[in-house]
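Engineer: There's a structure below that I have some questions on.
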Amino acid sequence: MHRHRHVWKQMRDREAGKVRPHSFANRIKSNRISQLQLSNHKDIVSPHKGAINSLQIDSTEGRYLLSAASDASVAVYDVQRPTAISKHTSLFVLDKHHHQGHKYAVSSAIWYPIDTGLFVTGSYDHHINVWDTNTTQVVVNFKMPGKVHRTAMSNLSTSHMLIAAGTEDVQVRLCDIASGAFAHTLSGHRDGVMTVEWSNSSEWVLVTGGCDGAIRFWDIRRAGCFLVLDQSRTQLGRRPPVLKRSMITKDSSTKLRAAQKKHAIGSGSRQLPIGRVPSKGPMKQRLHPGMLSTQDRATAHYGAVTGLKATGDGMYLLSAGSDSRLRLWDVQSGCDTLVNFETVRLQTNKPLQFATTQDATLVFVPCMRSVKAFDMWSGNMNSILRGHYECVNSCWFNQQDQELYTGGNDRQILVWSPARSIADEMDEGPAEDQDNWSS
């Protein structure tokens, strides 16, 4: 009852013009997200007989869920239209009995960014398949040099159709769907590559995390990586916000630059836009000859980097490692922001998929058999979601409905929805049975 009064008060403030529309929408979404609980009105019926390794809902409609599992199967579900009361069974399943199916565990499954007509799967059988969703046939196949850990495509891309693939090989490979061949390889890691993530600020910038503990930034138009994150380079918290151009005076801009200089405690190197590298100095574009050996050998984690997630604006990057550490990085300065995430215990032997809310205020992290929601900027734990019987591997947050989907070793896909009142459920009850001409 108190919650409803609070919502009505916000609506009256919005009508009176006391609250901006964007601010009002964000408050409502934040309220809903803070009340996530195991859904009692949406149940995903999992056909998988192995651990769930990957989950993704398409970004075009926010309707179709794609899952991949260790039994070599991939499934697609319609999360908007239940097949029975509250139950969502798979629209189709592709397993090892399919004549083009994978033979071993499917580690990654992603939608083609702008169309649900294609999806991409990567497997421990050393293959990446591009599937036609309508015919459930493989249209392009790539043979990789080892087990595929992760695949990724850029949501911003208008100039290329590249799949970035992290495998147990030291090289990152870029697979071109248009030509059906490898575009090129990125060399620099000293061990297998467990996770890959495209930048949200440039279609040309790729971030990779390896079993060597390194996180590398690549501009795929050039040879070599242009940044290796170093856990010894730190700054305290977020950078001061950039003021609007009209508000910046000569005096205030001088103060802002001074504040940013003081803020960065790291090596003090000049900050550059993402994808730009200095033409001189220790950090040159090419790797061999390239960065100084001390910079090239820098590590972001003690042990393997198991997960990466960029914020929506591309300014910050969250990483997870087999050292059970979460780190938040300022991408422009390359510094660890020293945000202390409370009591994290992570799986160490496989890639983790974590999710953020649209405004990047919360991050959902698989922590063994539970999922913990952390405040991105303070590191404080917001809530713990318990429901899986075994370790959780993947999370996906559906921005459209403010729902969280999680998959784990218990073969289950759970849905976490905002709390619903009895009145809400009654409102969505069956419509009255009456004809069109009744008064």
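In the structure tokens, chains take the letters A, B, ... in the order shown, each chain's residues start at 1, and ligands count up from 1 in the order shown.
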Quick one: residues within 9 Å of Phe142 (chain A), only C-alpha atoms, excluding same-chain residues fewer than 5 positions away - as a PyMOL selection string?

Structural biologist: chain A and resi 126-130+175+180-182

Engineer: Mind dumping a table of every region 109-203 of chain A residue within 10 Å of region 309-333 of chain A, with the nearest atom pair and its distance in Å to one decimal, using only C-alpha atoms, sorted by chain and rising number, as CSV?

Structural biologist:
residue,atom,partner,partner_atom,distance
A:Thr195,CA,A:Lys309,CA,9.8
A:Val196,CA,A:Lys309,CA,9.2
A:Glu197,CA,A:Lys309,CA,6.9
A:Trp198,CA,A:Ala310,CA,8.1
A:Ser199,CA,A:Gly314,CA,6.0
A:Asn200,CA,A:Gly314,CA,4.5
A:Ser201,CA,A:Gly314,CA,4.9
A:Ser202,CA,A:Gly314,CA,8.3

Engineer: Could the residues in this selection be written to a file with N, CA and C atoms, as a PDB file, in the first residue's frame?

Structural biologist:
ATOM      1  N   THR A 195      37.244 -14.240 -22.742  1.00  0.00           N
ATOM      2  CA  THR A 195      36.094 -13.362 -22.917  1.00  0.00           C
ATOM      3  C   THR A 195      36.418 -12.222 -23.873  1.00  0.00           C
ATOM      4  N   VAL A 196      35.416 -11.820 -24.657  1.00  0.00           N
ATOM      5  CA  VAL A 196      35.561 -10.720 -25.621  1.00  0.00           C
ATOM      6  C   VAL A 196      34.339  -9.804 -25.510  1.00  0.00           C
ATOM      7  N   GLU A 197      34.569  -8.508 -25.724  1.00  0.00           N
ATOM      8  CA  GLU A 197      33.485  -7.527 -25.601  1.00  0.00           C
ATOM      9  C   GLU A 197      33.780  -6.341 -26.519  1.00  0.00           C
ATOM     10  N   TRP A 198      32.816  -5.984 -27.362  1.00  0.00           N
ATOM     11  CA  TRP A 198      32.977  -4.808 -28.214  1.00  0.00           C
ATOM     12  C   TRP A 198      32.679  -3.548 -27.412  1.00  0.00           C
ATOM     13  N   SER A 199      33.358  -2.474 -27.754  1.00  0.00           N
ATOM     14  CA  SER A 199      33.129  -1.195 -27.095  1.00  0.00           C
ATOM     15  C   SER A 199      31.740  -0.666 -27.438  1.00  0.00           C
ATOM     16  N   ASN A 200      31.137   0.066 -26.506  1.00  0.00           N
ATOM     17  CA  ASN A 200      29.857   0.716 -26.763  1.00  0.00           C
ATOM     18  C   ASN A 200      30.021   2.150 -27.235  1.00  0.00           C
ATOM     19  N   SER A 201      31.260   2.546 -27.520  1.00  0.00           N
ATOM     20  CA  SER A 201      31.494   3.900 -28.007  1.00  0.00           C
ATOM     21  C   SER A 201      32.143   3.928 -29.389  1.00  0.00           C
ATOM     22  N   SER A 202      32.603   2.780 -29.880  1.00  0.00           N
ATOM     23  CA  SER A 202      33.211   2.723 -31.209  1.00  0.00           C
ATOM     24  C   SER A 202      33.057   1.323 -31.786  1.00  0.00           C
TER      25      SER A 202
END

Engineer: List as a PyMOL selection string the protein and nucleic acid residues near Ala360 (chain A), meaning an atom at most 9 Å away when only C-alpha atoms are counted, but skip any in the same chain fewer than 3 places from it.

Structural biologist: chain A and resi 311-312+356-357+363+375-377

Engineer: Can you work out the spacing between CA of Phe354 (chain A) and CA of Thr185 (chain A) in Å, to one decimal?

Structural biologist: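 We find that CA of Phe354 (chain A) and CA of Thr185 (chain A) lie 26.3 Å from each other.
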
Engineer: Excluding Gly192 (chain A) and any residue of its chain fewer than 6 positions from it, enumerate the residues within 12 Å of it, using only C-alpha atoms, and give them as number ranges by chain.

Structural biologist: A: 145-150, 165-173, 208-214, 303-306, 350-351

Engineer: Between A:Leu414, A:Leu55, A:Leu227, A:Ala152, single out the one closest to Leu308 (chain A), counting only C-alpha atoms.

Structural biologist: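 For Leu308 (chain A), the nearest of the given residues is A:Ala152.
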
Engineer: How many Å lie between CA of Trp396 (chain A) and CA of Ile57 (chain A), rounded to one decimal?

Structural biologist: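 Those two atoms sit 7.4 Å apart.
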
Engineer: If I take CA of Thr136 (chain A) and CA of Asp58 (chain A), how far is one from the other in Å, to one decimal?

Structural biologist: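 Between these atoms lies a distance of 16.8 Å.
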
Engineer: List every residue of region 66-177 of chain A that DSSP, applied to the backbone, labels as strand (DSSP E or B), and write the result as a ChimeraX atom specification.

Structural biologist: /A:66-69,74-78,84,87-88,90-94,106-111,118-123,127-132,137-143,148-152,162-167,172-176

Engineer: For a quick check of understanding, using only C-alpha atoms, which of A:Val45, A:Ile114, A:Val120, A:Ile85 has the smallest distance to Gly62 (chain A)?

Structural biologist: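 That would be A:Ile114, the residue with the smallest distance to Gly62 (chain A).
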
Engineer: From region 8-208 of chain A, collect each residue whose DSSP state is helix (DSSP H, G or I) and return the set as an NGL selection string.

Structural biologist: :A and (8-15 or 21-33)

Engineer: Might you pull out every residue within 12 Å of region 78-81 of chain A, with only C-alpha atoms counted and same-chain residues fewer than 4 positions away left off, and present them as JSON, numbers by chain?

Structural biologist: {"A": [41, 42, 43, 44, 45, 56, 57, 58, 61, 62, 63, 64, 65, 66, 67, 85, 86, 87, 88, 89, 90, 91, 92, 116, 398, 400, 401, 403, 404, 405, 413, 414, 415]}
